[in-house]
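Everything below concerns the one structure shown next.
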Amino acid sequence: MAETSHSATPTRRPTPQDVNDREVVIRVRGLEVGFGTKTIMKDLDLDVYRGEILGFVGASGTGKSVLTRAILGLVPKRTGTIEVFGEDLDALSPQSRKAIEQRWGVLFQQGALFSSLTVKQNVQVPMREYLSISERLLDELAMLKIEMVGLKPDAADKFPSDLSGGMIKRASLARALALDPEIVFLDEPTSGLDPIGAGEFDDLISTLQQTLGLTVFMVTHDLDSLHSVCDRIAALAEGKIIASGPIDTMLASNHPWLRAYFHGKRARAALA
Ligand SMILES: Nc1ncnc2c1ncn2[C@@H]1O[C@H](COP(=O)(O)OP(=O)(O)OP(=O)(O)O)[C@@H](O)[C@H]1O
């Protein structure tokens with residue numbers, strides 16, 4: 001597995017041993033997040049390794065999106081540390097923080113595209129914010145990202161309202177990739193897609209991870225994604241990570257929620 005972010009060489013999938021030897025790109029320790037009197041997570045620890053696809057699971061409302069947003073600095077934490085690329089995010093100057101933000105991309109739930117902008121203009125939003133480059137280069141780079149996610153060139157001038165659900169996900173992914181990130185955060189990327197579209201999106205994520213050396217932090221309820229593309233899975237329950245490891249570790253767990261999730265009725269098709 002390539003350790004650099006922009007290697008063009010396709011790479012093999014990592015073994016658990018590879019993952020253990022790998023650099024930690026996100027390290028969360030003792031995290032507590034809450035709103036008012038409600039505590040969503042407490043004493044939460046999590047490591048994400050460079051180059052892996054980490055699937056992040058948990059029952060609805062357990063705090064998967066909140067954790068993602070806490071790492072991104074979009075919701076405040078009460079206590080704990082969050083390090084990204086070895087840097088404590090609390091200790092950074094605004095300038096250094098901005099430099100770190102350029103190294104990650106985010107695909108929010110529902111895509112979160114700007115409805116008044118075309119696909120190309122949406123992809124260019126982060127480029128305009130962080131890069132000083134000519135309009136011609138902005139156009140060329142945006143078209144490259146649009147092609148990378150499997151959209152046809154004519155999608156560039158379409159507005160989100162003209163796109164199918166699958167195209168919206170791809171356009172959002174193109175925007176997440178706008179600044180050649182090392183980490184991408186994907187919040188339920190296959191939700192709302194039909195099984196074929198979801199499978200194609202999984203393949204796209206896997207291909208991009210292998211060709212670009214991306215680290216992927218993927219919140220998902222999609223058992224097929226967990227089985228087919230994730231190198232490791234981390235499960236959130238009762239405000240903590242209750243288990244993490246490759247799919248086989250999760251399947252072998254005796255934790256009641258994990259058993260119900262991975263061996264319940266809905267799990268049968270994915271296991272078949
Ligand atoms: N800004 C906020 N203010 C108050 N409560 C919030 C806020 N954001 C999230 N919550 C609460 O935090 C809890 C966790 O929400 P979160 O969206 O992270 O769950 P989730 O695990 O991602 O769920 P799902 O799988 O359904 O998307 C929920 O009870 C939610 O209502």
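If you're wondering about the labels, chains in the structure tokens are A, B, ... by order shown, residues count from 1 in each chain, ligands from 1 in order shown.
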
Which residues of chain A come within 7 Å of ligand 1, and for each one, what is the closest pair of atoms and their distance in Å to one decimal, counting only C-alpha atoms and all ligand atoms, sorted by chain and residue number, as CSV?
```
residue,atom,partner,partner_atom_place_in_ligand_line,distance
A:Phe35,CA,ligand 1,4 (C),5.0
A:Ile40,CA,ligand 1,12 (O),5.9
A:Gly58,CA,ligand 1,21 (O),6.0
A:Ala59,CA,ligand 1,25 (O),6.0
A:Ser60,CA,ligand 1,26 (O),3.6
A:Gly61,CA,ligand 1,19 (O),3.4
A:Thr62,CA,ligand 1,21 (O),4.0
A:Gly63,CA,ligand 1,18 (O),3.1
A:Lys64,CA,ligand 1,21 (O),3.9
A:Ser65,CA,ligand 1,18 (O),3.6
A:Val66,CA,ligand 1,18 (O),3.7
A:Leu67,CA,ligand 1,18 (O),6.5
```

Write to file, as an mmCIF file, in the first residue's frame, the residues of the selection just made, with N, CA and C atoms.
```
data_model
loop_
_atom_site.group_PDB
_atom_site.id
_atom_site.type_symbol
_atom_site.label_atom_id
_atom_site.label_comp_id
_atom_site.auth_asym_id
_atom_site.auth_seq_id
_atom_site.Cartn_x
_atom_site.Cartn_y
_atom_site.Cartn_z
ATOM 1 N N PHE A 35 -24.267 17.842 24.237
ATOM 2 C CA PHE A 35 -25.042 19.052 23.953
ATOM 3 C C PHE A 35 -25.925 19.306 25.175
ATOM 4 N N ILE A 40 -23.054 12.651 24.476
ATOM 5 C CA ILE A 40 -23.161 11.744 23.316
ATOM 6 C C ILE A 40 -22.034 10.710 23.345
ATOM 7 N N GLY A 58 -22.703 1.947 13.944
ATOM 8 C CA GLY A 58 -23.349 2.159 15.238
ATOM 9 C C GLY A 58 -24.823 2.403 14.981
ATOM 10 N N ALA A 59 -25.634 2.146 15.990
ATOM 11 C CA ALA A 59 -27.074 2.356 15.818
ATOM 12 C C ALA A 59 -27.359 3.827 15.516
ATOM 13 N N SER A 60 -28.505 4.090 14.917
ATOM 14 C CA SER A 60 -28.890 5.466 14.621
ATOM 15 C C SER A 60 -28.896 6.294 15.897
ATOM 16 N N GLY A 61 -28.311 7.470 15.819
ATOM 17 C CA GLY A 61 -28.329 8.374 16.956
ATOM 18 C C GLY A 61 -27.236 8.125 17.981
ATOM 19 N N THR A 62 -26.321 7.185 17.715
ATOM 20 C CA THR A 62 -25.257 6.926 18.692
ATOM 21 C C THR A 62 -24.159 7.983 18.628
ATOM 22 N N GLY A 63 -24.076 8.706 17.514
ATOM 23 C CA GLY A 63 -23.099 9.792 17.472
ATOM 24 C C GLY A 63 -22.029 9.656 16.404
ATOM 25 N N LYS A 64 -22.296 8.879 15.372
ATOM 26 C CA LYS A 64 -21.288 8.708 14.316
ATOM 27 C C LYS A 64 -21.027 10.037 13.587
ATOM 28 N N SER A 65 -22.111 10.713 13.246
ATOM 29 C CA SER A 65 -21.932 12.003 12.570
ATOM 30 C C SER A 65 -21.322 13.025 13.520
ATOM 31 N N VAL A 66 -21.738 12.970 14.776
ATOM 32 C CA VAL A 66 -21.189 13.932 15.753
ATOM 33 C C VAL A 66 -19.684 13.722 15.901
ATOM 34 N N LEU A 67 -19.238 12.466 15.967
ATOM 35 C CA LEU A 67 -17.797 12.204 16.071
ATOM 36 C C LEU A 67 -17.076 12.738 14.833
#
```

Taking the backbone alone, and naming residues the way the document does, which bits of range 7-131 of chain A are strand (DSSP E or B) by DSSP, as a ChimeraX atom specification? /A:24-35,38-49,53-58,79-84,87-88,104-107

Can you spit out the residues from that selection as a short mmCIF file (atom, residue, chain, number, x, y, z; two decimals), in the first residue's frame, using N, CA and C atoms?
```cif
data_model
loop_
_atom_site.label_atom_id
_atom_site.label_comp_id
_atom_site.auth_asym_id
_atom_site.auth_seq_id
_atom_site.Cartn_x
_atom_site.Cartn_y
_atom_site.Cartn_z
N VAL A 24 -0.47 6.32 12.20
CA VAL A 24 -1.81 6.75 12.62
C VAL A 24 -2.03 8.17 12.09
N VAL A 25 -3.07 8.37 11.28
CA VAL A 25 -3.31 9.72 10.75
C VAL A 25 -4.36 10.48 11.56
N ILE A 26 -5.26 9.72 12.22
CA ILE A 26 -6.20 10.37 13.15
C ILE A 26 -6.10 9.63 14.47
N ARG A 27 -5.82 10.37 15.53
CA ARG A 27 -5.74 9.75 16.87
C ARG A 27 -6.66 10.54 17.80
N VAL A 28 -7.69 9.85 18.28
CA VAL A 28 -8.64 10.50 19.20
C VAL A 28 -8.44 9.86 20.56
N ARG A 29 -8.31 10.67 21.60
CA ARG A 29 -8.12 10.14 22.95
C ARG A 29 -9.01 10.86 23.96
N GLY A 30 -9.73 10.05 24.74
CA GLY A 30 -10.51 10.59 25.86
C GLY A 30 -11.54 11.61 25.44
N LEU A 31 -12.14 11.40 24.27
CA LEU A 31 -13.04 12.43 23.74
C LEU A 31 -14.40 12.40 24.43
N GLU A 32 -14.82 13.58 24.83
CA GLU A 32 -16.20 13.73 25.35
C GLU A 32 -16.88 14.83 24.56
N VAL A 33 -18.05 14.50 24.01
CA VAL A 33 -18.85 15.49 23.29
C VAL A 33 -20.28 15.40 23.81
N GLY A 34 -20.90 16.53 24.01
CA GLY A 34 -22.30 16.53 24.45
C GLY A 34 -22.96 17.84 24.08
N PHE A 35 -24.27 17.84 24.24
CA PHE A 35 -25.04 19.05 23.95
C PHE A 35 -25.92 19.31 25.17
N LYS A 38 -26.97 16.56 27.72
CA LYS A 38 -26.87 15.25 27.07
C LYS A 38 -25.42 14.96 26.68
N THR A 39 -24.91 13.81 27.12
CA THR A 39 -23.56 13.40 26.72
C THR A 39 -23.69 12.38 25.59
N ILE A 40 -23.05 12.65 24.48
CA ILE A 40 -23.16 11.74 23.32
C ILE A 40 -22.03 10.71 23.35
N MET A 41 -20.82 11.15 23.68
CA MET A 41 -19.71 10.20 23.80
C MET A 41 -18.78 10.64 24.92
N LYS A 42 -18.15 9.64 25.55
CA LYS A 42 -17.29 9.92 26.70
C LYS A 42 -16.12 8.96 26.68
N ASP A 43 -14.90 9.47 27.00
CA ASP A 43 -13.69 8.63 27.04
C ASP A 43 -13.52 7.83 25.76
N LEU A 44 -13.81 8.44 24.65
CA LEU A 44 -13.74 7.70 23.38
C LEU A 44 -12.33 7.77 22.81
N ASP A 45 -11.77 6.62 22.47
CA ASP A 45 -10.46 6.52 21.82
C ASP A 45 -10.64 5.91 20.43
N LEU A 46 -9.91 6.44 19.47
CA LEU A 46 -10.00 5.88 18.11
C LEU A 46 -8.71 6.18 17.35
N ASP A 47 -8.20 5.19 16.61
CA ASP A 47 -7.07 5.40 15.71
C ASP A 47 -7.52 5.09 14.29
N VAL A 48 -7.09 5.93 13.36
CA VAL A 48 -7.30 5.65 11.94
C VAL A 48 -5.93 5.62 11.28
N TYR A 49 -5.66 4.55 10.53
CA TYR A 49 -4.32 4.35 9.96
C TYR A 49 -4.26 4.84 8.52
N ILE A 53 -9.35 1.89 4.63
CA ILE A 53 -10.76 2.29 4.61
C ILE A 53 -11.35 1.81 5.92
N LEU A 54 -11.68 2.75 6.79
CA LEU A 54 -12.28 2.41 8.08
C LEU A 54 -13.78 2.62 7.98
N GLY A 55 -14.53 1.56 8.20
CA GLY A 55 -15.99 1.67 8.23
C GLY A 55 -16.42 1.93 9.66
N PHE A 56 -17.27 2.93 9.84
CA PHE A 56 -17.65 3.33 11.18
C PHE A 56 -19.14 3.06 11.35
N VAL A 57 -19.47 2.15 12.27
CA VAL A 57 -20.87 1.73 12.41
C VAL A 57 -21.39 2.02 13.82
N GLY A 58 -22.70 1.95 13.94
CA GLY A 58 -23.35 2.16 15.24
C GLY A 58 -24.82 2.40 14.98
N THR A 79 -13.97 17.54 26.42
CA THR A 79 -12.58 17.22 26.79
C THR A 79 -12.02 16.24 25.76
N GLY A 80 -10.72 15.97 25.89
CA GLY A 80 -10.08 14.99 25.02
C GLY A 80 -9.20 15.67 23.99
N THR A 81 -8.43 14.83 23.27
CA THR A 81 -7.56 15.37 22.21
C THR A 81 -7.88 14.70 20.88
N ILE A 82 -7.73 15.48 19.84
CA ILE A 82 -7.88 14.97 18.47
C ILE A 82 -6.63 15.39 17.71
N GLU A 83 -5.86 14.38 17.30
CA GLU A 83 -4.66 14.66 16.50
C GLU A 83 -4.89 14.18 15.08
N VAL A 84 -4.54 15.02 14.13
CA VAL A 84 -4.60 14.64 12.72
C VAL A 84 -3.23 14.90 12.13
N GLU A 87 -0.73 16.20 14.55
CA GLU A 87 -0.89 17.55 15.10
C GLU A 87 -2.14 17.61 15.98
N ASP A 88 -1.98 18.11 17.19
CA ASP A 88 -3.12 18.33 18.08
C ASP A 88 -3.91 19.52 17.52
N TRP A 104 -7.75 17.25 4.00
CA TRP A 104 -8.87 16.32 4.09
C TRP A 104 -10.04 16.84 3.23
N GLY A 105 -10.88 15.90 2.82
CA GLY A 105 -12.09 16.23 2.06
C GLY A 105 -13.27 15.54 2.71
N VAL A 106 -14.46 16.13 2.54
CA VAL A 106 -15.62 15.61 3.25
C VAL A 106 -16.80 15.43 2.29
N LEU A 107 -17.41 14.26 2.36
CA LEU A 107 -18.69 14.05 1.66
C LEU A 107 -19.75 13.93 2.75
#
```

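With only C-alpha atoms as the atoms that count, the minimum distance from Leu177 in chain A to the choices A:Leu72, A:Leu113, A:Ala155, A:Leu144 is reached by A:Leu144.
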
With distances taken over only C-alpha atoms, which residue among A:Ala243, A:Ala178, A:Val149, A:Leu92 lies nearest Leu208 in chain A?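 Between A:Ala243, A:Ala178, A:Val149, A:Leu92, the residue approaching Leu208 in chain A most closely is A:Val149.
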